Structures are given as C-alpha cells and as structure tokens.
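Raw contents of query_32.txt, compact mmCIF, C-alpha atoms and all ligand atoms:
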```txt
# COMPACT_ATOMS: atom_id res chain seq x y z
CA MET A 1 6.64 -30.67 12.63
CA SER A 2 3.51 -31.11 10.48
CA THR A 3 -0.04 -29.86 11.05
CA VAL A 4 -3.18 -30.72 9.14
CA ILE A 5 -6.11 -28.29 9.28
CA ASP A 6 -9.06 -30.54 8.62
CA ARG A 7 -12.81 -30.08 7.99
CA ILE A 8 -12.45 -26.55 6.60
CA GLY A 9 -15.94 -25.44 5.51
CA LEU A 10 -14.65 -22.73 3.16
CA LEU A 11 -11.02 -22.32 2.10
CA VAL A 12 -9.85 -19.19 0.29
CA THR A 13 -6.84 -20.26 -1.78
CA ASN A 14 -6.30 -17.27 -4.14
CA ASP A 15 -4.57 -19.90 -6.31
CA PRO A 16 -4.95 -19.04 -10.01
CA ALA A 17 -4.46 -22.75 -10.82
CA ILE A 18 -7.76 -23.44 -9.01
CA GLY A 19 -9.74 -20.48 -10.32
CA PRO A 20 -10.01 -16.70 -10.57
CA GLY A 21 -10.05 -14.35 -7.57
CA THR A 22 -10.44 -16.05 -4.19
CA ALA A 23 -10.48 -19.53 -5.85
CA GLU A 24 -12.48 -21.10 -3.02
CA LEU A 25 -12.70 -24.76 -2.02
CA ARG A 26 -15.41 -26.27 0.17
CA ASN A 27 -14.94 -29.12 2.63
CA ALA A 28 -11.16 -28.86 2.38
CA ALA A 29 -7.99 -29.63 4.32
CA VAL A 30 -4.45 -28.19 4.28
CA LEU A 31 -1.22 -29.83 5.38
CA ILE A 32 1.59 -27.64 6.73
CA ASP A 33 5.04 -29.18 6.94
CA ASP A 34 7.96 -27.22 8.40
CA GLY A 35 6.35 -23.87 7.66
CA VAL A 36 5.47 -24.71 4.05
CA ILE A 37 2.12 -25.75 2.57
CA ALA A 38 2.64 -29.38 1.60
CA TRP A 39 -0.84 -30.50 0.50
CA VAL A 40 -4.24 -28.92 -0.28
CA GLY A 41 -7.33 -30.97 -1.06
CA GLU A 42 -10.61 -32.52 0.00
CA ALA A 43 -11.11 -33.07 3.72
CA ASP A 44 -11.98 -36.73 3.13
CA ARG A 45 -8.47 -37.33 1.79
CA ALA A 46 -6.53 -35.34 4.38
CA PRO A 47 -3.14 -36.93 5.13
CA ALA A 48 -1.97 -37.77 8.66
CA ALA A 49 0.20 -35.25 10.52
CA ASP A 50 1.84 -34.65 13.91
CA GLU A 51 -1.02 -32.32 14.87
CA ARG A 52 -4.63 -32.28 13.63
CA VAL A 53 -6.70 -29.11 13.91
CA ASP A 54 -10.44 -29.56 13.42
CA ALA A 55 -11.80 -26.44 11.70
CA ARG A 56 -15.37 -27.64 12.38
CA GLY A 57 -16.71 -26.26 9.12
CA ARG A 58 -15.35 -22.77 9.61
CA CYS A 59 -13.52 -20.60 7.10
CA VAL A 60 -9.75 -20.49 6.50
CA ILE A 61 -8.07 -17.68 4.55
CA PRO A 62 -4.44 -16.86 3.71
CA GLY A 63 -2.89 -14.59 6.35
CA PHE A 64 -3.39 -10.91 5.64
CA VAL A 65 -0.55 -9.14 3.82
CA ASP A 66 -0.41 -5.56 5.11
CA SER A 67 1.69 -3.91 2.42
CA HIS A 68 1.73 -0.39 3.89
CA SER A 69 2.54 0.56 7.49
CA HIS A 70 4.58 3.16 9.32
CA LEU A 71 5.41 1.30 12.54
CA MET A 72 8.74 3.03 13.24
CA PHE A 73 7.48 5.95 15.29
CA ALA A 74 7.11 7.23 18.85
CA GLY A 75 4.21 9.05 20.46
CA ASP A 76 0.57 9.47 19.62
CA ARG A 77 -1.56 12.16 17.97
CA ALA A 78 -4.99 11.41 19.39
CA ASP A 79 -5.55 15.14 19.88
CA GLU A 80 -5.31 15.71 16.09
CA PHE A 81 -7.85 12.96 15.52
CA GLU A 82 -10.22 14.65 17.97
CA TYR A 83 -9.84 18.00 16.21
CA ARG A 84 -10.47 16.36 12.85
CA MET A 85 -13.65 14.74 14.09
CA ALA A 86 -14.70 18.25 15.13
CA GLY A 87 -14.17 19.49 11.57
CA ARG A 88 -10.51 20.42 11.16
CA PRO A 89 -8.91 19.04 7.95
CA TYR A 90 -5.95 16.63 7.81
CA SER A 91 -2.64 18.12 6.69
CA ALA A 92 0.70 16.50 5.94
CA GLY A 93 2.31 18.83 8.52
CA GLY A 94 1.34 16.61 11.46
CA ILE A 95 4.08 14.21 10.34
CA ARG A 96 6.67 16.68 11.73
CA ARG A 97 5.27 16.28 15.24
CA THR A 98 5.93 12.55 15.12
CA VAL A 99 9.38 13.25 13.65
CA GLY A 100 10.30 15.22 16.79
CA LEU A 101 9.07 12.47 19.11
CA THR A 102 10.73 9.72 17.06
CA ARG A 103 14.12 11.42 16.99
CA ALA A 104 13.95 11.75 20.79
CA ALA A 105 13.06 8.08 21.36
CA SER A 106 15.57 5.40 22.33
CA ASP A 107 16.21 2.36 20.14
CA GLU A 108 14.43 0.23 22.76
CA GLY A 109 11.45 2.58 22.75
CA LEU A 110 11.13 2.45 18.96
CA ARG A 111 11.60 -1.30 18.81
CA GLY A 112 9.14 -1.90 21.65
CA ASN A 113 6.41 0.17 20.01
CA ALA A 114 6.82 -1.63 16.68
CA VAL A 115 6.95 -5.08 18.29
CA ALA A 116 3.74 -4.38 20.22
CA LEU A 117 1.97 -3.22 17.06
CA LEU A 118 3.19 -6.25 15.13
CA ALA A 119 1.84 -8.53 17.85
CA GLU A 120 -1.47 -6.68 17.67
CA MET A 121 -1.51 -7.22 13.89
CA ARG A 122 -0.68 -10.91 14.23
CA ARG A 123 -3.54 -11.49 16.66
CA GLN A 124 -5.83 -10.02 14.01
CA GLY A 125 -4.61 -12.34 11.27
CA THR A 126 -1.83 -10.33 9.61
CA THR A 127 1.17 -12.51 8.81
CA THR A 128 3.26 -10.35 6.42
CA VAL A 129 3.88 -6.66 7.16
CA GLU A 130 5.72 -3.94 5.27
CA ILE A 131 7.31 -1.30 7.53
CA LYS A 132 8.45 2.17 6.44
CA SER A 133 10.87 4.62 7.95
CA GLY A 134 10.00 8.28 7.46
CA TYR A 135 9.77 9.78 10.93
CA GLY A 136 13.53 10.21 11.36
CA LEU A 137 14.48 12.38 8.36
CA THR A 138 18.16 12.58 9.28
CA VAL A 139 20.81 10.18 7.96
CA ASP A 140 21.21 8.51 11.35
CA ASP A 141 17.53 8.44 12.30
CA GLU A 142 16.40 6.96 8.97
CA ALA A 143 19.17 4.33 9.06
CA ARG A 144 18.28 3.50 12.68
CA ALA A 145 14.57 3.07 11.91
CA LEU A 146 15.35 0.75 8.99
CA ARG A 147 17.92 -1.22 10.94
CA ILE A 148 15.35 -1.92 13.65
CA ALA A 149 12.55 -2.56 11.12
CA SER A 150 14.73 -5.09 9.28
CA GLU A 151 14.95 -7.12 12.51
CA LEU A 152 11.15 -7.44 12.31
CA THR A 153 10.33 -7.91 8.60
CA SER A 154 12.02 -8.42 5.25
CA GLU A 155 9.65 -5.84 3.73
CA THR A 156 11.34 -2.61 4.77
CA THR A 157 10.85 0.70 2.98
CA TYR A 158 13.05 3.79 3.04
CA LEU A 159 10.78 6.86 3.23
CA GLY A 160 13.28 9.67 3.82
CA ALA A 161 11.03 11.59 1.40
CA HIS A 162 8.04 11.65 3.76
CA VAL A 163 8.05 15.44 4.29
CA VAL A 164 10.75 18.11 4.23
CA PRO A 165 11.94 18.44 7.85
CA THR A 166 11.78 21.85 9.50
CA GLU A 167 15.54 22.42 9.38
CA PHE A 168 15.41 22.19 5.55
CA ALA A 169 12.29 24.36 5.15
CA ASP A 170 14.28 26.95 3.15
CA ASP A 171 16.35 24.42 1.23
CA VAL A 172 14.08 21.76 -0.24
CA GLY A 173 16.62 21.05 -2.99
CA GLY A 174 19.27 20.43 -0.35
CA TYR A 175 16.98 17.94 1.38
CA VAL A 176 16.29 16.07 -1.87
CA ASP A 177 20.08 15.90 -2.39
CA LEU A 178 20.42 14.39 1.09
CA VAL A 179 17.60 11.89 0.50
CA THR A 180 19.18 10.76 -2.76
CA GLY A 181 22.74 10.92 -1.41
CA ALA A 182 24.10 10.23 2.07
CA MET A 183 20.73 9.22 3.55
CA LEU A 184 20.07 6.72 0.77
CA GLU A 185 23.53 5.27 1.20
CA ALA A 186 22.94 4.74 4.92
CA ALA A 187 19.41 3.40 4.44
CA ALA A 188 19.85 1.08 1.45
CA PRO A 189 21.60 -1.79 3.30
CA HIS A 190 18.52 -2.15 5.52
CA ALA A 191 15.77 -1.56 2.94
CA ARG A 192 14.07 -3.48 0.14
CA TRP A 193 11.96 -0.55 -1.13
CA ILE A 194 12.04 3.21 -1.57
CA ASP A 195 8.90 5.33 -1.23
CA VAL A 196 8.07 9.02 -1.64
CA PHE A 197 5.05 11.06 -0.52
CA CYS A 198 4.17 12.87 -3.76
CA GLU A 199 1.60 15.47 -2.70
CA THR A 200 1.12 19.19 -2.15
CA GLY A 201 2.96 19.94 1.10
CA ALA A 202 5.42 17.07 0.55
CA PHE A 203 7.31 16.34 -2.74
CA ASP A 204 6.40 17.26 -6.33
CA VAL A 205 6.56 14.97 -9.35
CA ASP A 206 10.05 16.02 -10.45
CA GLN A 207 11.45 15.52 -6.96
CA ALA A 208 9.63 12.19 -6.65
CA ARG A 209 11.10 11.01 -9.96
CA ALA A 210 14.64 11.93 -8.90
CA ILE A 211 14.19 10.19 -5.54
CA LEU A 212 12.74 6.96 -6.94
CA LEU A 213 15.35 6.75 -9.71
CA ALA A 214 18.15 7.23 -7.18
CA GLY A 215 16.63 4.47 -5.05
CA GLU A 216 16.39 2.12 -8.01
CA ALA A 217 20.02 2.84 -8.88
CA ALA A 218 20.87 1.79 -5.31
CA GLY A 219 19.01 -1.51 -5.81
CA LEU A 220 15.70 -0.63 -4.12
CA GLY A 221 12.26 -1.26 -5.62
CA ALA A 222 9.96 1.75 -6.11
CA ARG A 223 6.62 2.40 -4.43
CA MET A 224 4.78 5.63 -3.82
CA HIS A 225 2.24 7.58 -1.77
CA ALA A 226 0.04 9.61 -4.17
CA GLY A 227 -3.49 10.88 -4.61
CA GLN A 228 -4.18 11.17 -0.86
CA LEU A 229 -5.10 14.85 -0.64
CA GLY A 230 -5.77 15.66 -4.30
CA GLU A 231 -4.99 14.59 -7.86
CA SER A 232 -1.29 14.68 -8.68
CA GLY A 233 1.00 13.45 -11.40
CA GLY A 234 2.36 10.96 -8.87
CA VAL A 235 0.06 8.14 -9.90
CA GLN A 236 1.11 8.22 -13.55
CA LEU A 237 4.74 8.62 -12.54
CA ALA A 238 4.47 5.45 -10.43
CA VAL A 239 3.01 3.52 -13.39
CA GLU A 240 5.59 4.95 -15.80
CA LEU A 241 8.44 3.85 -13.52
CA GLY A 242 6.89 0.41 -13.03
CA ALA A 243 6.61 0.97 -9.27
CA ALA A 244 5.31 -2.06 -7.39
CA ALA A 245 2.46 -0.03 -5.90
CA VAL A 246 0.99 3.43 -5.61
CA ASP A 247 -0.82 3.89 -2.35
CA HIS A 248 -3.87 5.98 -1.30
CA CYS A 249 -5.36 6.59 -4.82
CA THR A 250 -8.21 8.52 -3.24
CA PHE A 251 -8.18 11.30 -5.82
CA LEU A 252 -7.67 9.97 -9.36
CA SER A 253 -8.16 11.53 -12.79
CA ASP A 254 -9.55 9.39 -15.62
CA ALA A 255 -6.03 9.28 -17.06
CA ASP A 256 -4.71 7.95 -13.71
CA VAL A 257 -7.32 5.20 -13.70
CA ASP A 258 -6.54 4.29 -17.32
CA ALA A 259 -2.81 4.15 -16.53
CA LEU A 260 -3.40 1.87 -13.52
CA GLY A 261 -5.66 -0.34 -15.63
CA ALA A 262 -3.00 -0.72 -18.31
CA GLY A 263 0.11 -0.90 -16.11
CA THR A 264 1.64 -3.33 -13.64
CA THR A 265 1.52 -1.02 -10.60
CA VAL A 266 -0.87 -2.15 -7.85
CA ALA A 267 -3.32 0.48 -6.57
CA THR A 268 -3.33 0.14 -2.78
CA LEU A 269 -6.34 1.62 -1.02
CA LEU A 270 -6.06 2.63 2.63
CA PRO A 271 -9.61 3.18 3.88
CA GLY A 272 -8.48 3.67 7.49
CA VAL A 273 -7.16 7.05 6.31
CA GLU A 274 -10.48 8.27 4.98
CA PHE A 275 -12.24 6.94 8.07
CA SER A 276 -9.81 8.80 10.34
CA THR A 277 -9.62 12.04 8.37
CA ARG A 278 -13.25 12.33 7.21
CA GLN A 279 -12.11 12.50 3.60
CA PRO A 280 -14.15 10.95 0.79
CA TYR A 281 -13.41 7.26 0.25
CA PRO A 282 -11.55 6.04 -2.86
CA ASP A 283 -13.62 4.33 -5.54
CA ALA A 284 -12.43 0.74 -5.79
CA ARG A 285 -15.11 -0.17 -8.32
CA ARG A 286 -13.78 2.41 -10.78
CA LEU A 287 -10.30 0.87 -10.50
CA LEU A 288 -11.49 -2.73 -10.75
CA SER A 289 -13.65 -1.91 -13.77
CA ALA A 290 -10.58 -0.43 -15.47
CA GLY A 291 -8.67 -3.67 -14.89
CA ALA A 292 -6.36 -2.37 -12.13
CA THR A 293 -5.02 -4.70 -9.43
CA VAL A 294 -6.30 -3.39 -6.09
CA ALA A 295 -4.76 -4.07 -2.66
CA LEU A 296 -6.02 -3.05 0.78
CA ALA A 297 -3.66 -2.07 3.63
CA THR A 298 -3.93 -0.34 7.01
CA ASP A 299 -1.34 2.47 6.58
CA CYS A 300 -0.95 2.00 10.36
CA ASN A 301 0.57 5.30 11.59
CA PRO A 302 -0.08 7.70 14.47
CA GLY A 303 -1.49 10.47 12.25
CA SER A 304 -3.81 9.58 9.42
CA SER A 305 -4.80 5.98 10.26
CA PHE A 306 -3.99 4.41 13.59
CA THR A 307 -5.61 1.06 12.92
CA SER A 308 -3.75 -2.24 12.72
CA SER A 309 -6.84 -4.15 11.60
CA MET A 310 -7.08 -5.52 8.07
CA ALA A 311 -10.55 -6.84 8.99
CA PHE A 312 -11.64 -3.26 9.66
CA CYS A 313 -10.25 -2.19 6.25
CA ILE A 314 -12.20 -5.01 4.58
CA ALA A 315 -15.41 -3.96 6.33
CA VAL A 316 -15.02 -0.35 5.17
CA ALA A 317 -14.02 -1.44 1.66
CA VAL A 318 -17.20 -3.48 1.35
CA ARG A 319 -19.39 -0.83 2.95
CA ASP A 320 -17.96 2.28 1.30
CA LEU A 321 -15.42 1.54 -1.47
CA GLY A 322 -17.71 -0.58 -3.63
CA MET A 323 -15.90 -3.90 -3.23
CA THR A 324 -17.58 -7.28 -2.85
CA PRO A 325 -16.48 -9.26 0.23
CA ALA A 326 -14.54 -11.63 -2.07
CA GLU A 327 -12.75 -8.74 -3.82
CA ALA A 328 -11.91 -7.17 -0.47
CA VAL A 329 -10.50 -10.35 1.09
CA TRP A 330 -8.46 -10.99 -2.08
CA ALA A 331 -7.15 -7.40 -1.97
CA ALA A 332 -6.13 -7.83 1.70
CA THR A 333 -4.22 -11.06 0.99
CA ALA A 334 -3.18 -11.71 -2.63
CA GLY A 335 -3.45 -8.00 -3.45
CA GLY A 336 -1.02 -7.11 -0.68
CA ALA A 337 1.32 -9.84 -1.88
CA ALA A 338 1.18 -8.42 -5.43
CA ALA A 339 1.94 -4.96 -4.03
CA LEU A 340 5.09 -6.44 -2.48
CA ARG A 341 5.85 -8.50 -5.61
CA ARG A 342 5.63 -11.68 -3.53
CA ASP A 343 4.20 -14.95 -4.83
CA ASP A 344 4.90 -17.04 -1.72
CA VAL A 345 2.38 -15.35 0.61
CA GLY A 346 -1.29 -14.38 0.31
CA VAL A 347 -1.97 -17.74 -1.35
CA VAL A 348 -2.72 -21.30 -0.27
CA ARG A 349 -0.93 -23.62 -2.70
CA VAL A 350 1.65 -26.35 -2.37
CA GLY A 351 5.09 -24.81 -1.90
CA ALA A 352 3.87 -21.46 -0.58
CA THR A 353 4.89 -20.17 2.85
CA ALA A 354 2.36 -21.45 5.38
CA GLN A 355 0.45 -18.36 6.53
CA LEU A 356 -3.15 -19.26 7.30
CA VAL A 357 -5.92 -17.86 9.46
CA LEU A 358 -8.77 -19.91 10.91
CA LEU A 359 -11.85 -17.76 11.45
CA GLU A 360 -14.48 -18.09 14.12
CA ALA A 361 -17.02 -17.81 11.29
CA PRO A 362 -18.23 -19.88 8.34
CA SER A 363 -17.24 -17.24 5.77
CA TYR A 364 -14.99 -14.20 5.23
CA VAL A 365 -18.20 -12.29 4.45
CA HIS A 366 -18.45 -11.96 8.23
CA PHE A 367 -15.57 -9.44 8.27
CA ALA A 368 -18.04 -6.91 6.86
CA TYR A 369 -21.26 -8.52 8.11
CA ARG A 370 -19.95 -8.53 11.73
CA PRO A 371 -17.77 -5.38 11.75
CA GLY A 372 -15.54 -4.82 14.75
CA VAL A 373 -15.94 -8.40 16.01
CA PRO A 374 -12.69 -10.34 16.60
CA LEU A 375 -13.20 -13.25 14.21
CA VAL A 376 -9.68 -14.68 14.17
CA SER A 377 -9.60 -17.99 16.00
CA ARG A 378 -6.03 -19.14 15.23
CA VAL A 379 -3.11 -17.91 13.15
CA PHE A 380 -0.72 -20.37 11.52
CA ALA A 381 2.61 -18.76 10.59
CA SER A 382 6.21 -19.22 11.56
O1 LIG B 1 0.30 7.46 4.59
N1 LIG B 1 0.76 10.27 3.62
C1 LIG B 1 1.79 10.27 4.23
N2 LIG B 1 2.07 9.54 5.31
C2 LIG B 1 1.12 8.96 6.16
C3 LIG B 1 0.64 9.91 7.17
C4 LIG B 1 1.54 9.96 8.29
C5 LIG B 1 1.14 10.89 9.40
O2 LIG B 1 0.15 11.66 9.32
O3 LIG B 1 1.90 10.84 10.36
C6 LIG B 1 0.00 8.34 5.37
O4 LIG B 1 -1.17 8.70 5.51
FE FE B 2 1.42 5.88 4.42
```

For this file, produce the structure as structure tokens.
Amino acid sequence: MSTVIDRIGLLVTNDPAIGPGTAELRNAAVLIDDGVIAWVGEADRAPAADERVDARGRCVIPGFVDSHSHLMFAGDRADEFEYRMAGRPYSAGGIRRTVGLTRAASDEGLRGNAVALLAEMRRQGTTTVEIKSGYGLTVDDEARALRIASELTSETTYLGAHVVPTEFADDVGGYVDLVTGAMLEAAAPHARWIDVFCETGAFDVDQARAILLAGEAAGLGARMHAGQLGESGGVQLAVELGAAAVDHCTFLSDADVDALGAGTTVATLLPGVEFSTRQPYPDARRLLSAGATVALATDCNPGSSFTSSMAFCIAVAVRDLGMTPAEAVWAATAGGAAALRRDDVGVVRVGATAQLVLLEAPSYVHFAYRPGVPLVSRVFAS
C-alpha cells in the first residue's frame, strides 16, 4: 500500500542532508510505501500512489517522539495537583501513593490505562513513545510493568530506582542491591533502557552510578532523571557515563551546562512538570547556547505532569523556556529521537520509518501561537 501526501505547504524534514535544524521544504510531497518513506521532493513531481492525500498547503511534520513517559500506573493524584496550585510544594514522596495503587491493579487494568493514554497521544501526533516502569518497585511488579509496556512499544525503560519503597525505608542499601540484582534480572528481558531518579529524596550519585553500571552490564542503555528539584551531581554523572539522555535539567550549575555542551548526552526538558508543580522553568536557551542537544517530552505521569500533549510542551517551551518555534518542534521530534538514539524516526527522509503528522495549520508556529487548540488533522504511522 502506498500513499502520497501532496501539496504540502511547509514540510519539516529534520534531515541534515537538506539543511540544519528543521530543514524545511516548501510546496513539497512525500511518498509512503509499506510504512517507509520512499520519496521526498517537490509537489510538482510527486509520484503516483494507491492513495493521494491533498495537504492543501498545510504543514506536515515528523510524528512527535515522546522520549519520557511513565504510562505503567494506576490511579490519579488530582488532589495533589489541587494542593500544589494552592501553594504546597511538589515532593518525590507522592510516587509511593501511585506505587500502592499500581501494585493493587490487575494486568488488564494497567494495560487498559496505558493503551488509552497511548491512543490519546497518537491523536495528538505522537508516533513513538518511551514507557518506564517505576511504580511497582518489587521484582514481580517491575517485571510485570515492563512485560506489558513491551507489548506497546520497543522503547521500554526499567526504573526500579524511582524511589525507595516504604518497606525498604530503613534499608536503602538493601533496596539498591535488589534493584541491581534480582529485580534487574527479571526486568532486563523486557527493557531497552535503565533509568534512575537521582535527587534528594530518591537516589544519590553513588547509588545512581552503581545502578546504571549494573544496567549497562545487563545490556541496557543508560538514561537518568536529574536536576528536577535542585542541582545534583546526577547531570555530570549522566554525561560521564555517556547516558543517552538526562531528563528534567531544571536546576543546572554552570559545570552541568558545560558538560552537556561538550558531551553526547541529550538534555530532555519536561515543561509539563514545571507547569504542574509551579516550579521555575528550565532555561533551554542556556543549554542551546552551550551547544547541548535539547529534547522536549511530556513526562506523562499521574504526579508531576499528567499531560500527554507534545503540542502543549512546545507551546510552553516557546513561551517560557526561551526556544524558537523551530527549535521546539525539532526538540519534540528529532530531539526525542536523539534521546532514544534512534535515526529512523523524528525525520522525513527516504528510508526512514513513515511517521508523519498533517496539521490543520500552515505552520508549526501555530502550536505556540494557538495554544490548546487541536491542530492535528491526520497521523500517518503504522
Ligand atoms: O519524572 N521525577 C520522578 N518521577 C516523575 C514523577 C512521578 C510522580 O510524581 O509520580 C517525574 O517527574
Ligand atoms: Fe519522569
């Protein structure tokens, strides 16, 4: 089955062979053949195909790559959000509430919640999603979350080191041993990545190092949560270990920014968190000026950021993180792909996986210019 999307007014390719950044083409067409991009060029030269979609001058972008989500959970914490809006601060402890609800949920309940959220994401233009465990925190519950997540995406992340569960409150060392031992063994067959929440109230730098190294020894790629609630050595540890990404990066020292500018680790910003916790926003401009690669992701979870909308993240990034609309749309597509070390998504080039979004707008600028408006007209992805 082949489809040609014709009369595209503005095409974001993100293809370095065409140009830097969003590498845009005007008056373009794209041919999709069996789920792969088979041709990209001028609309006047568009090849024939089984189906022709007339974009009528509107904008087409690569599907969003949401490189950070926590979809394997049960329950909701709307009450915490309400308290925060009334002035109470966010704390990592809320995670334990969701752990209790997640452990009590059935497989069908967990799967159903994640499937519904994935469908919600897809309707909003997200075509590649990373999913973490981290609300089970027992050997069986972490393995179960990853087993179900791996039915839904190839980008699965083992986050046994989300917080120390209540039953290990007096034996943090014992919990780290479990995370790097039996739990890792049970999780690894279902995971591509390992993650750790390196923050006051969660895991310190030495524990994070031990956890990520154990994961790497088990064949998993490293990624990290750091700099969400304050500066920590986690950011530089992530760069030192060559982690694919370090996520949050809200609080960064100059040395952190320099390390991210010089290293290969992607800095993933999650502005839904600052929106939903009333924290200060991260400074994307500071990172971009230092030469860091910046991604945007939702962090979709029931505590700190219960949005599934990449368009919302782009709008906030443009409004409050200091990004241009082009930088933000790149970060939400090619940036997310870089954070997952993928070169087949987040890009429109011959041979790439066909993941494309037709907007009901002439430009991606409208994500920020028309915030909150559903601008996705059609999603192309298998
Ligand atoms: O990325 N920072 C750690 N984990 C999540 C929060 C999860 C929760 O509050 O339930 C995050 O923000
Ligand atoms: Fe997170």

### Task
Report as an NGL selection string which protein, DNA and RNA residues come within 7 Å of ligand FE 2 (chain B), using only C-alpha atoms and all ligand atoms.
:A and (68-70 or 225 or 299)

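Take the candidates A:Gly94, A:Gly291, A:Gly41, A:Gly63 and check each one against Thr127 (chain A) using all atoms listed in the file; the shortest distance goes to A:Gly63.
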
### Query
Of the candidates A:Glu80, A:Asp6, A:Asp256, A:Glu130, which one gets nearest to Ser154 (chain A) if we count only C-alpha atoms?
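Of all the options, A:Glu130 lies closest to Ser154 (chain A).
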
### Task
Pick out the residues no farther than 6 Å from ligand LIG 1 (chain B), counting all atoms listed in the file, and list them as a ChimeraX atom specification.
/A:92,94-95,197,299,301-304

#### Entry: Residue nearest Ser133 (chain A) - candidates A:Asp79, A:Glu155, A:Glu24, A:Glu51, atoms counted: all atoms listed in the file
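Between A:Asp79, A:Glu155, A:Glu24, A:Glu51, the residue approaching Ser133 (chain A) most closely is A:Glu155.
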
Rebuild region 95-112 of chain A so that it carries N, CA and C atoms, then output the result as a CSV table (one decimal), in the frame of the given file.
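Here's the written file part23.csv:
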```
chain,number,residue,atom,x,y,z
A,95,ILE,N,3.0,15.2,10.4
A,95,ILE,CA,4.1,14.2,10.3
A,95,ILE,C,5.3,14.8,11.1
A,96,ARG,N,5.5,16.1,11.1
A,96,ARG,CA,6.7,16.7,11.7
A,96,ARG,C,6.6,16.5,13.2
A,97,ARG,N,5.4,16.5,13.8
A,97,ARG,CA,5.3,16.3,15.2
A,97,ARG,C,5.8,14.9,15.6
A,98,THR,N,5.4,13.9,14.8
A,98,THR,CA,5.9,12.6,15.1
A,98,THR,C,7.4,12.5,14.9
A,99,VAL,N,7.9,13.2,13.9
A,99,VAL,CA,9.4,13.2,13.6
A,99,VAL,C,10.1,13.7,14.9
A,100,GLY,N,9.6,14.7,15.6
A,100,GLY,CA,10.3,15.2,16.8
A,100,GLY,C,10.3,14.1,17.9
A,101,LEU,N,9.2,13.5,18.1
A,101,LEU,CA,9.1,12.5,19.1
A,101,LEU,C,9.9,11.2,18.8
A,102,THR,N,10.0,10.9,17.5
A,102,THR,CA,10.7,9.7,17.1
A,102,THR,C,12.2,9.9,17.2
A,103,ARG,N,12.7,11.1,16.8
A,103,ARG,CA,14.1,11.4,17.0
A,103,ARG,C,14.5,11.3,18.5
A,104,ALA,N,13.6,11.7,19.4
A,104,ALA,CA,14.0,11.8,20.8
A,104,ALA,C,13.9,10.4,21.4
A,105,ALA,N,13.3,9.4,20.7
A,105,ALA,CA,13.1,8.1,21.4
A,105,ALA,C,14.4,7.3,21.3
A,106,SER,N,14.4,6.3,22.3
A,106,SER,CA,15.6,5.4,22.3
A,106,SER,C,15.3,4.3,21.3
A,107,ASP,N,16.4,3.5,21.0
A,107,ASP,CA,16.2,2.4,20.1
A,107,ASP,C,15.2,1.4,20.8
A,108,GLU,N,15.3,1.2,22.1
A,108,GLU,CA,14.4,0.2,22.8
A,108,GLU,C,13.0,0.7,22.7
A,109,GLY,N,12.8,2.0,22.8
A,109,GLY,CA,11.4,2.6,22.8
A,109,GLY,C,10.8,2.4,21.4
A,110,LEU,N,11.6,2.6,20.3
A,110,LEU,CA,11.1,2.4,19.0
A,110,LEU,C,10.8,1.0,18.7
A,111,ARG,N,11.8,0.1,19.1
A,111,ARG,CA,11.6,-1.3,18.8
A,111,ARG,C,10.4,-1.8,19.6
A,112,GLY,N,10.2,-1.4,20.8
A,112,GLY,CA,9.1,-1.9,21.6
A,112,GLY,C,7.8,-1.5,21.1
```
